[in-house]
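The data block below is work20.pdb; it holds PDB, C-alpha atoms.
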```
ATOM      1  CA  GLN K  12      -8.343  24.736  37.039  1.00  0.00           C
ATOM      2  CA  LYS K  13     -11.643  24.726  38.935  1.00  0.00           C
ATOM      3  CA  LEU K  14     -13.427  23.390  35.861  1.00  0.00           C
ATOM      4  CA  ILE K  15     -11.082  20.434  35.546  1.00  0.00           C
ATOM      5  CA  LYS K  16     -11.394  19.743  39.273  1.00  0.00           C
ATOM      6  CA  CYS K  17     -15.180  19.610  38.893  1.00  0.00           C
ATOM      7  CA  PHE K  18     -14.840  17.290  35.888  1.00  0.00           C
ATOM      8  CA  GLU K  19     -12.448  15.043  37.816  1.00  0.00           C
ATOM      9  CA  GLU K  20     -14.965  14.816  40.665  1.00  0.00           C
ATOM     10  CA  ALA K  21     -17.876  14.208  38.293  1.00  0.00           C
ATOM     11  CA  LEU K  22     -16.170  11.405  36.362  1.00  0.00           C
ATOM     12  CA  PRO K  23     -16.212   8.661  39.044  1.00  0.00           C
ATOM     13  CA  LEU K  24     -19.758   9.621  40.023  1.00  0.00           C
ATOM     14  CA  THR K  25     -20.916   9.418  36.427  1.00  0.00           C
ATOM     15  CA  LYS K  26     -19.213   6.036  36.008  1.00  0.00           C
ATOM     16  CA  LEU K  27     -20.843   4.781  39.199  1.00  0.00           C
ATOM     17  CA  LEU K  28     -24.330   5.981  38.281  1.00  0.00           C
ATOM     18  CA  ALA K  29     -24.380   5.367  34.533  1.00  0.00           C
ATOM     19  CA  GLY K  30     -21.727   2.677  34.076  1.00  0.00           C
ATOM     20  CA  PRO K  31     -18.162   3.005  32.785  1.00  0.00           C
ATOM     21  CA  ASN K  32     -19.123   2.753  29.121  1.00  0.00           C
ATOM     22  CA  HIS K  33     -22.123   5.061  29.103  1.00  0.00           C
ATOM     23  CA  LYS K  34     -22.334   7.847  26.527  1.00  0.00           C
ATOM     24  CA  ASP K  35     -22.261  10.433  29.337  1.00  0.00           C
ATOM     25  CA  VAL K  36     -18.890   9.084  30.482  1.00  0.00           C
ATOM     26  CA  SER K  37     -17.597   9.340  26.924  1.00  0.00           C
ATOM     27  CA  ARG K  38     -18.861  12.935  26.608  1.00  0.00           C
ATOM     28  CA  LEU K  39     -17.382  13.954  29.948  1.00  0.00           C
ATOM     29  CA  LEU K  40     -13.985  12.480  29.058  1.00  0.00           C
ATOM     30  CA  ASP K  41     -14.087  14.263  25.695  1.00  0.00           C
ATOM     31  CA  ARG K  42     -14.785  17.584  27.429  1.00  0.00           C
ATOM     32  CA  MET K  43     -12.009  16.894  29.927  1.00  0.00           C
ATOM     33  CA  GLY K  44      -9.651  16.232  27.029  1.00  0.00           C
ATOM     34  CA  GLU K  45     -10.522  19.585  25.475  1.00  0.00           C
ATOM     35  CA  VAL K  46      -9.883  21.403  28.765  1.00  0.00           C
ATOM     36  CA  TYR K  47      -6.578  19.601  29.310  1.00  0.00           C
ATOM     37  CA  LYS K  48      -5.648  20.476  25.728  1.00  0.00           C
ATOM     38  CA  ARG K  49      -6.289  24.176  26.390  1.00  0.00           C
ATOM     39  CA  LEU K  50      -4.120  23.879  29.507  1.00  0.00           C
ATOM     40  CA  HIS K  51      -1.363  22.238  27.418  1.00  0.00           C
ATOM     41  CA  ASP K  52      -1.563  19.142  29.613  1.00  0.00           C
ATOM     42  CA  TRP K  53      -1.021  16.818  26.677  1.00  0.00           C
ATOM     43  CA  ASP K  54      -0.743  13.539  28.594  1.00  0.00           C
ATOM     44  CA  ASN K  55      -4.035  14.021  30.421  1.00  0.00           C
ATOM     45  CA  ALA K  56      -5.682  15.248  27.227  1.00  0.00           C
ATOM     46  CA  ILE K  57      -4.553  12.128  25.355  1.00  0.00           C
ATOM     47  CA  GLY K  58      -5.689   9.895  28.215  1.00  0.00           C
ATOM     48  CA  SER K  59      -9.074  11.587  28.303  1.00  0.00           C
ATOM     49  CA  PHE K  60      -9.593  11.282  24.545  1.00  0.00           C
ATOM     50  CA  GLN K  61      -8.527   7.624  24.630  1.00  0.00           C
ATOM     51  CA  GLY K  62     -10.840   6.955  27.586  1.00  0.00           C
ATOM     52  CA  SER K  63     -13.697   8.624  25.749  1.00  0.00           C
ATOM     53  CA  LEU K  64     -13.016   6.508  22.677  1.00  0.00           C
ATOM     54  CA  ARG K  65     -12.857   3.317  24.744  1.00  0.00           C
ATOM     55  CA  ALA K  66     -16.134   4.097  26.559  1.00  0.00           C
ATOM     56  CA  ARG K  67     -17.744   4.982  23.237  1.00  0.00           C
ATOM     57  CA  LYS K  68     -16.688   1.736  21.547  1.00  0.00           C
ATOM     58  CA  GLU K  69     -17.417  -0.557  24.489  1.00  0.00           C
ATOM     59  CA  GLY K  70     -20.758   1.155  25.081  1.00  0.00           C
ATOM     60  CA  LYS K  71     -21.941   0.197  21.579  1.00  0.00           C
ATOM     61  CA  PRO K  72     -22.552  -3.561  21.711  1.00  0.00           C
ATOM     62  CA  GLU K  73     -24.194  -3.500  18.291  1.00  0.00           C
ATOM     63  CA  GLY K  74     -23.523  -1.464  15.223  1.00  0.00           C
ATOM     64  CA  PRO K  75     -20.353   0.086  13.833  1.00  0.00           C
ATOM     65  CA  LYS K  76     -17.644   0.827  16.375  1.00  0.00           C
ATOM     66  CA  ASP K  77     -15.645   3.011  14.018  1.00  0.00           C
ATOM     67  CA  ASP K  78     -17.779   6.013  13.174  1.00  0.00           C
ATOM     68  CA  LYS K  79     -17.173   9.692  12.512  1.00  0.00           C
ATOM     69  CA  GLU K  80     -17.205  10.658  16.199  1.00  0.00           C
ATOM     70  CA  SER K  81     -14.669   7.950  17.051  1.00  0.00           C
ATOM     71  CA  ALA K  82     -12.390   9.159  14.266  1.00  0.00           C
ATOM     72  CA  LEU K  83     -12.655  12.753  15.483  1.00  0.00           C
ATOM     73  CA  LEU K  84     -11.685  11.648  19.005  1.00  0.00           C
ATOM     74  CA  MET K  85      -8.685   9.879  17.508  1.00  0.00           C
ATOM     75  CA  GLN K  86      -7.762  13.007  15.582  1.00  0.00           C
ATOM     76  CA  ARG K  87      -7.883  15.128  18.756  1.00  0.00           C
ATOM     77  CA  ALA K  88      -5.584  12.653  20.495  1.00  0.00           C
ATOM     78  CA  GLY K  89      -3.266  12.735  17.475  1.00  0.00           C
ATOM     79  CA  GLU K  90      -3.100  16.521  17.649  1.00  0.00           C
ATOM     80  CA  CYS K  91      -1.896  16.251  21.250  1.00  0.00           C
ATOM     81  CA  HIS K  92       0.810  13.827  20.139  1.00  0.00           C
ATOM     82  CA  LEU K  93       1.914  16.457  17.607  1.00  0.00           C
ATOM     83  CA  TYR K  94       2.265  19.001  20.411  1.00  0.00           C
ATOM     84  CA  LYS K  95       4.357  16.481  22.331  1.00  0.00           C
ATOM     85  CA  ASN K  96       6.614  16.062  19.261  1.00  0.00           C
ATOM     86  CA  GLU K  97       5.536  12.419  18.979  1.00  0.00           C
ATOM     87  CA  TYR K  98       5.196  12.604  15.226  1.00  0.00           C
ATOM     88  CA  GLY K  99       5.306   8.872  14.490  1.00  0.00           C
ATOM     89  CA  ARG K 100       2.512   8.177  16.950  1.00  0.00           C
ATOM     90  CA  ALA K 101       0.501  11.107  15.599  1.00  0.00           C
ATOM     91  CA  LYS K 102       0.956   9.874  12.029  1.00  0.00           C
ATOM     92  CA  SER K 103      -0.308   6.414  12.919  1.00  0.00           C
ATOM     93  CA  ILE K 104      -3.379   7.813  14.673  1.00  0.00           C
ATOM     94  CA  PHE K 105      -4.168  10.223  11.833  1.00  0.00           C
ATOM     95  CA  GLN K 106      -3.891   7.416   9.282  1.00  0.00           C
ATOM     96  CA  SER K 107      -6.365   5.294  11.252  1.00  0.00           C
ATOM     97  CA  ALA K 108      -8.748   8.204  11.759  1.00  0.00           C
ATOM     98  CA  LEU K 109      -8.542   9.153   8.086  1.00  0.00           C
ATOM     99  CA  LYS K 110      -9.413   5.623   7.009  1.00  0.00           C
ATOM    100  CA  ILE K 111     -12.492   5.632   9.245  1.00  0.00           C
ATOM    101  CA  LEU K 112     -13.570   9.073   8.065  1.00  0.00           C
ATOM    102  CA  GLU K 113     -13.236   8.132   4.402  1.00  0.00           C
ATOM    103  CA  GLN K 114     -15.217   4.925   4.947  1.00  0.00           C
ATOM    104  CA  ASN K 115     -18.004   6.788   6.728  1.00  0.00           C
ATOM    105  CA  LEU K 116     -18.123  10.110   4.889  1.00  0.00           C
ATOM    106  CA  GLY K 117     -16.396   9.701   1.549  1.00  0.00           C
ATOM    107  CA  ARG K 118     -13.256  11.471   0.406  1.00  0.00           C
ATOM    108  CA  VAL K 119     -14.493  15.009  -0.253  1.00  0.00           C
ATOM    109  CA  THR K 120     -15.582  16.288   3.181  1.00  0.00           C
ATOM    110  CA  MET K 121     -14.250  18.824   5.676  1.00  0.00           C
ATOM    111  CA  PRO K 122     -13.450  16.248   8.392  1.00  0.00           C
ATOM    112  CA  VAL K 123     -11.381  14.276   5.851  1.00  0.00           C
ATOM    113  CA  ALA K 124      -9.634  17.467   4.720  1.00  0.00           C
ATOM    114  CA  SER K 125      -8.851  18.415   8.326  1.00  0.00           C
ATOM    115  CA  CYS K 126      -7.469  14.977   9.158  1.00  0.00           C
ATOM    116  CA  THR K 127      -5.431  14.911   5.947  1.00  0.00           C
ATOM    117  CA  TYR K 128      -3.942  18.282   6.908  1.00  0.00           C
ATOM    118  CA  CYS K 129      -2.962  16.921  10.334  1.00  0.00           C
ATOM    119  CA  LEU K 130      -1.414  13.860   8.699  1.00  0.00           C
ATOM    120  CA  GLY K 131       0.579  16.168   6.439  1.00  0.00           C
ATOM    121  CA  ILE K 132       1.941  18.024   9.455  1.00  0.00           C
ATOM    122  CA  ALA K 133       3.065  14.753  11.017  1.00  0.00           C
ATOM    123  CA  TYR K 134       4.798  13.746   7.771  1.00  0.00           C
ATOM    124  CA  TYR K 135       6.451  17.174   7.536  1.00  0.00           C
ATOM    125  CA  TYR K 136       8.051  16.872  10.974  1.00  0.00           C
ATOM    126  CA  LEU K 137       9.042  13.231  10.436  1.00  0.00           C
ATOM    127  CA  HIS K 138      11.119  14.040   7.351  1.00  0.00           C
TER     128      HIS K 138
END
```
Here is the file; what I need is its structure written in the form of structure tokens.
Amino acid sequence: QKLIKCFEEALPLTKLLAGPNHKDVSRLLDRMGEVYKRLHDWDNAIGSFQGSLRARKEGKPEGPKDDKESALLMQRAGECHLYKNEYGRAKSIFQSALKILEQNLGRVTMPVASCTYCLGIAYYYLH
């Protein structure tokens, strides 16, 4: 709990000093998401992963916005939706993440395999 409190205090300071779309803001939100996930605070975890993704995309004025790291953030958010029994939402996120991963890495890679597994879990619970 103390760790998350420190992160929550650091976030507005980091945004103020570096800007809301700086890579440090994205990293901090990603770390916060992981801590919230360990605490089973799914809503805050999802919000943190989505905030990290938004800062990451808006902080890249040039170049591809959908890269491996963005897809992995999406996958982590999707996993939280699975834990919340929001299987349709999880499925949609995993499909988007999988498309990005395949475009960036090819079909035969561990990140693609991991995301495909998560998508399979979502399908399993939907049917």
Using all atoms listed in the file, determine which residues lie at most 9 Å from region 78-87 of chain K, disregarding the query and same-chain residues fewer than 5 positions distant; provide the list as a short mmCIF file (atom, residue, chain, number, x, y, z; two decimals) with C-alpha atoms, in the frame of the given file.
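The resulting file, selection-v1.cif, is shown below:
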```cif
data_model
loop_
_atom_site.label_atom_id
_atom_site.label_comp_id
_atom_site.auth_asym_id
_atom_site.auth_seq_id
_atom_site.Cartn_x
_atom_site.Cartn_y
_atom_site.Cartn_z
CA ASP K 41 -14.09 14.26 25.70
CA GLY K 44 -9.65 16.23 27.03
CA GLU K 45 -10.52 19.58 25.48
CA ALA K 56 -5.68 15.25 27.23
CA ILE K 57 -4.55 12.13 25.36
CA PHE K 60 -9.59 11.28 24.54
CA GLN K 61 -8.53 7.62 24.63
CA SER K 63 -13.70 8.62 25.75
CA LEU K 64 -13.02 6.51 22.68
CA ARG K 67 -17.74 4.98 23.24
CA LYS K 68 -16.69 1.74 21.55
CA HIS K 92 0.81 13.83 20.14
CA ALA K 101 0.50 11.11 15.60
CA ILE K 104 -3.38 7.81 14.67
CA PHE K 105 -4.17 10.22 11.83
CA SER K 107 -6.36 5.29 11.25
CA ALA K 108 -8.75 8.20 11.76
CA LEU K 109 -8.54 9.15 8.09
CA LYS K 110 -9.41 5.62 7.01
CA ILE K 111 -12.49 5.63 9.24
CA LEU K 112 -13.57 9.07 8.06
CA GLN K 114 -15.22 4.92 4.95
CA ASN K 115 -18.00 6.79 6.73
CA LEU K 116 -18.12 10.11 4.89
CA PRO K 122 -13.45 16.25 8.39
CA CYS K 126 -7.47 14.98 9.16
CA CYS K 129 -2.96 16.92 10.33
#
```
Point out the residue among K:Lys95, K:Ser59, K:Leu40, K:Gln106 with the least atom-to-atom distance to Val123 (chain K), counting all atoms listed in the file.
->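 Among K:Lys95, K:Ser59, K:Leu40, K:Gln106, it is K:Gln106 that comes nearest to Val123 (chain K).
Here the question is which of K:Gly30, K:Asp52, K:Tyr135, K:Asp35 gets nearest to Gln12 (chain K) using only C-alpha atoms, and that residue is K:Asp52.
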What does the distance between CA of Gly99 (chain K) and CA of Leu137 (chain K) come to in Å, to one decimal place?
->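 One can read the CA of Gly99 (chain K) to CA of Leu137 (chain K) distance as 7.0 Å.
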Where is the centre and how long are the edges: axis-aligned box on region 41-48 of chain K, 6 Å on each side, Å to one decimal, as lines of an AutoDock Vina configuration file:
```
center_x = -10.2
center_y = 17.8
center_z = 27.7
size_x = 21.1
size_y = 19.1
size_z = 16.5
```
Residues in the PyMOL selection byres ((chain K and resi 33) around 12), expressed as an NGL selection string | :K and (22 or 25-32 or 34-40 or 62-72)
Can you write out the residues you just picked, keeping C-alpha atoms, as a PDB file, keeping the file's coordinate frame?
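Result file is again.pdb:
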```
ATOM      1  CA  LEU K  22     -16.170  11.405  36.362  1.00  0.00           C
ATOM      2  CA  THR K  25     -20.916   9.418  36.427  1.00  0.00           C
ATOM      3  CA  LYS K  26     -19.213   6.036  36.008  1.00  0.00           C
ATOM      4  CA  LEU K  27     -20.843   4.781  39.199  1.00  0.00           C
ATOM      5  CA  LEU K  28     -24.330   5.981  38.281  1.00  0.00           C
ATOM      6  CA  ALA K  29     -24.380   5.367  34.533  1.00  0.00           C
ATOM      7  CA  GLY K  30     -21.727   2.677  34.076  1.00  0.00           C
ATOM      8  CA  PRO K  31     -18.162   3.005  32.785  1.00  0.00           C
ATOM      9  CA  ASN K  32     -19.123   2.753  29.121  1.00  0.00           C
ATOM     10  CA  LYS K  34     -22.334   7.847  26.527  1.00  0.00           C
ATOM     11  CA  ASP K  35     -22.261  10.433  29.337  1.00  0.00           C
ATOM     12  CA  VAL K  36     -18.890   9.084  30.482  1.00  0.00           C
ATOM     13  CA  SER K  37     -17.597   9.340  26.924  1.00  0.00           C
ATOM     14  CA  ARG K  38     -18.861  12.935  26.608  1.00  0.00           C
ATOM     15  CA  LEU K  39     -17.382  13.954  29.948  1.00  0.00           C
ATOM     16  CA  LEU K  40     -13.985  12.480  29.058  1.00  0.00           C
ATOM     17  CA  GLY K  62     -10.840   6.955  27.586  1.00  0.00           C
ATOM     18  CA  SER K  63     -13.697   8.624  25.749  1.00  0.00           C
ATOM     19  CA  LEU K  64     -13.016   6.508  22.677  1.00  0.00           C
ATOM     20  CA  ARG K  65     -12.857   3.317  24.744  1.00  0.00           C
ATOM     21  CA  ALA K  66     -16.134   4.097  26.559  1.00  0.00           C
ATOM     22  CA  ARG K  67     -17.744   4.982  23.237  1.00  0.00           C
ATOM     23  CA  LYS K  68     -16.688   1.736  21.547  1.00  0.00           C
ATOM     24  CA  GLU K  69     -17.417  -0.557  24.489  1.00  0.00           C
ATOM     25  CA  GLY K  70     -20.758   1.155  25.081  1.00  0.00           C
ATOM     26  CA  LYS K  71     -21.941   0.197  21.579  1.00  0.00           C
ATOM     27  CA  PRO K  72     -22.552  -3.561  21.711  1.00  0.00           C
TER      28      PRO K  72
END
```
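Between CA of Lys16 (chain K) and CA of Asp54 (chain K) the interatomic distance comes to 16.3 Å.
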Interatomic distance between CA of Ala21 (chain K) and CA of Ala88 (chain K)?
-> 21.7 Å
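Residues of protein, DNA and RNA with at least one atom no farther than 9 Å from (4.6, 12.1, 8.8) are, using all atoms listed in the file, Tyr98, Gly99, Ala101, Lys102, Ser103, Leu130, Gly131, Ile132, Ala133, Tyr134, Tyr135, Tyr136, Leu137 and His138 of chain K.
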Completion of region 77-88 of chain K up to all heavy atoms, as a short mmCIF file (atom, residue, chain, number, x, y, z; two decimals), keeping the file's coordinate frame:
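Done, and the output landed in result33.cif:
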```
data_model
loop_
_atom_site.label_atom_id
_atom_site.label_comp_id
_atom_site.auth_asym_id
_atom_site.auth_seq_id
_atom_site.Cartn_x
_atom_site.Cartn_y
_atom_site.Cartn_z
N ASP K 77 -16.47 1.97 14.60
CA ASP K 77 -15.64 3.01 14.02
C ASP K 77 -16.52 3.96 13.20
O ASP K 77 -16.83 3.70 12.05
CB ASP K 77 -14.56 2.40 13.12
CG ASP K 77 -13.53 1.62 13.92
OD1 ASP K 77 -13.27 2.00 15.08
OD2 ASP K 77 -12.99 0.65 13.39
N ASP K 78 -16.94 5.04 13.84
CA ASP K 78 -17.78 6.01 13.17
C ASP K 78 -17.08 7.37 13.17
O ASP K 78 -15.95 7.50 13.64
CB ASP K 78 -19.15 6.09 13.84
CG ASP K 78 -19.06 6.46 15.32
OD1 ASP K 78 -17.97 6.78 15.81
OD2 ASP K 78 -20.10 6.43 16.00
N LYS K 79 -17.75 8.35 12.63
CA LYS K 79 -17.17 9.69 12.51
C LYS K 79 -16.72 10.23 13.87
O LYS K 79 -15.61 10.75 13.99
CB LYS K 79 -18.21 10.65 11.89
CG LYS K 79 -17.75 12.08 11.83
CD LYS K 79 -18.87 13.00 11.36
CE LYS K 79 -18.48 14.44 11.54
NZ LYS K 79 -19.59 15.35 11.30
N GLU K 80 -17.55 10.11 14.89
CA GLU K 80 -17.20 10.66 16.20
C GLU K 80 -15.97 9.97 16.78
O GLU K 80 -15.14 10.62 17.41
CB GLU K 80 -18.39 10.56 17.16
CG GLU K 80 -19.56 11.43 16.75
CD GLU K 80 -19.18 12.90 16.56
OE1 GLU K 80 -18.43 13.45 17.39
OE2 GLU K 80 -19.63 13.50 15.57
N SER K 81 -15.86 8.67 16.58
CA SER K 81 -14.67 7.95 17.05
C SER K 81 -13.42 8.46 16.34
O SER K 81 -12.38 8.67 16.96
CB SER K 81 -14.83 6.44 16.81
OG SER K 81 -15.90 5.94 17.57
N ALA K 82 -13.53 8.66 15.04
CA ALA K 82 -12.39 9.16 14.27
C ALA K 82 -11.99 10.56 14.71
O ALA K 82 -10.80 10.89 14.79
CB ALA K 82 -12.72 9.15 12.78
N LEU K 83 -12.97 11.39 15.03
CA LEU K 83 -12.66 12.75 15.48
C LEU K 83 -11.98 12.74 16.85
O LEU K 83 -11.09 13.56 17.12
CB LEU K 83 -13.91 13.62 15.49
CG LEU K 83 -14.53 13.88 14.12
CD1 LEU K 83 -15.82 14.66 14.24
CD2 LEU K 83 -13.55 14.58 13.19
N LEU K 84 -12.38 11.81 17.72
CA LEU K 84 -11.68 11.65 19.00
C LEU K 84 -10.24 11.23 18.77
O LEU K 84 -9.32 11.73 19.43
CB LEU K 84 -12.39 10.60 19.87
CG LEU K 84 -13.65 11.04 20.58
CD1 LEU K 84 -14.39 9.83 21.15
CD2 LEU K 84 -13.31 12.01 21.70
N MET K 85 -10.05 10.31 17.84
CA MET K 85 -8.68 9.88 17.51
C MET K 85 -7.87 11.05 16.99
O MET K 85 -6.70 11.22 17.37
CB MET K 85 -8.74 8.76 16.46
CG MET K 85 -9.34 7.48 16.98
SD MET K 85 -9.70 6.30 15.66
CE MET K 85 -8.06 5.88 15.12
N GLN K 86 -8.48 11.86 16.14
CA GLN K 86 -7.76 13.01 15.58
C GLN K 86 -7.35 13.98 16.69
O GLN K 86 -6.23 14.48 16.69
CB GLN K 86 -8.62 13.73 14.55
CG GLN K 86 -7.90 14.90 13.92
CD GLN K 86 -8.69 15.57 12.82
OE1 GLN K 86 -9.58 14.97 12.23
NE2 GLN K 86 -8.37 16.82 12.54
N ARG K 87 -8.23 14.22 17.65
CA ARG K 87 -7.88 15.13 18.76
C ARG K 87 -6.72 14.57 19.57
O ARG K 87 -5.83 15.32 19.99
CB ARG K 87 -9.12 15.40 19.62
CG ARG K 87 -10.13 16.27 18.90
CD ARG K 87 -11.17 16.86 19.83
NE ARG K 87 -12.23 15.95 20.24
CZ ARG K 87 -13.31 15.68 19.52
NH1 ARG K 87 -13.48 16.20 18.34
NH2 ARG K 87 -14.22 14.87 20.00
N ALA K 88 -6.71 13.27 19.79
CA ALA K 88 -5.58 12.65 20.50
C ALA K 88 -4.30 12.80 19.66
O ALA K 88 -3.24 13.11 20.19
CB ALA K 88 -5.87 11.18 20.79
#
```
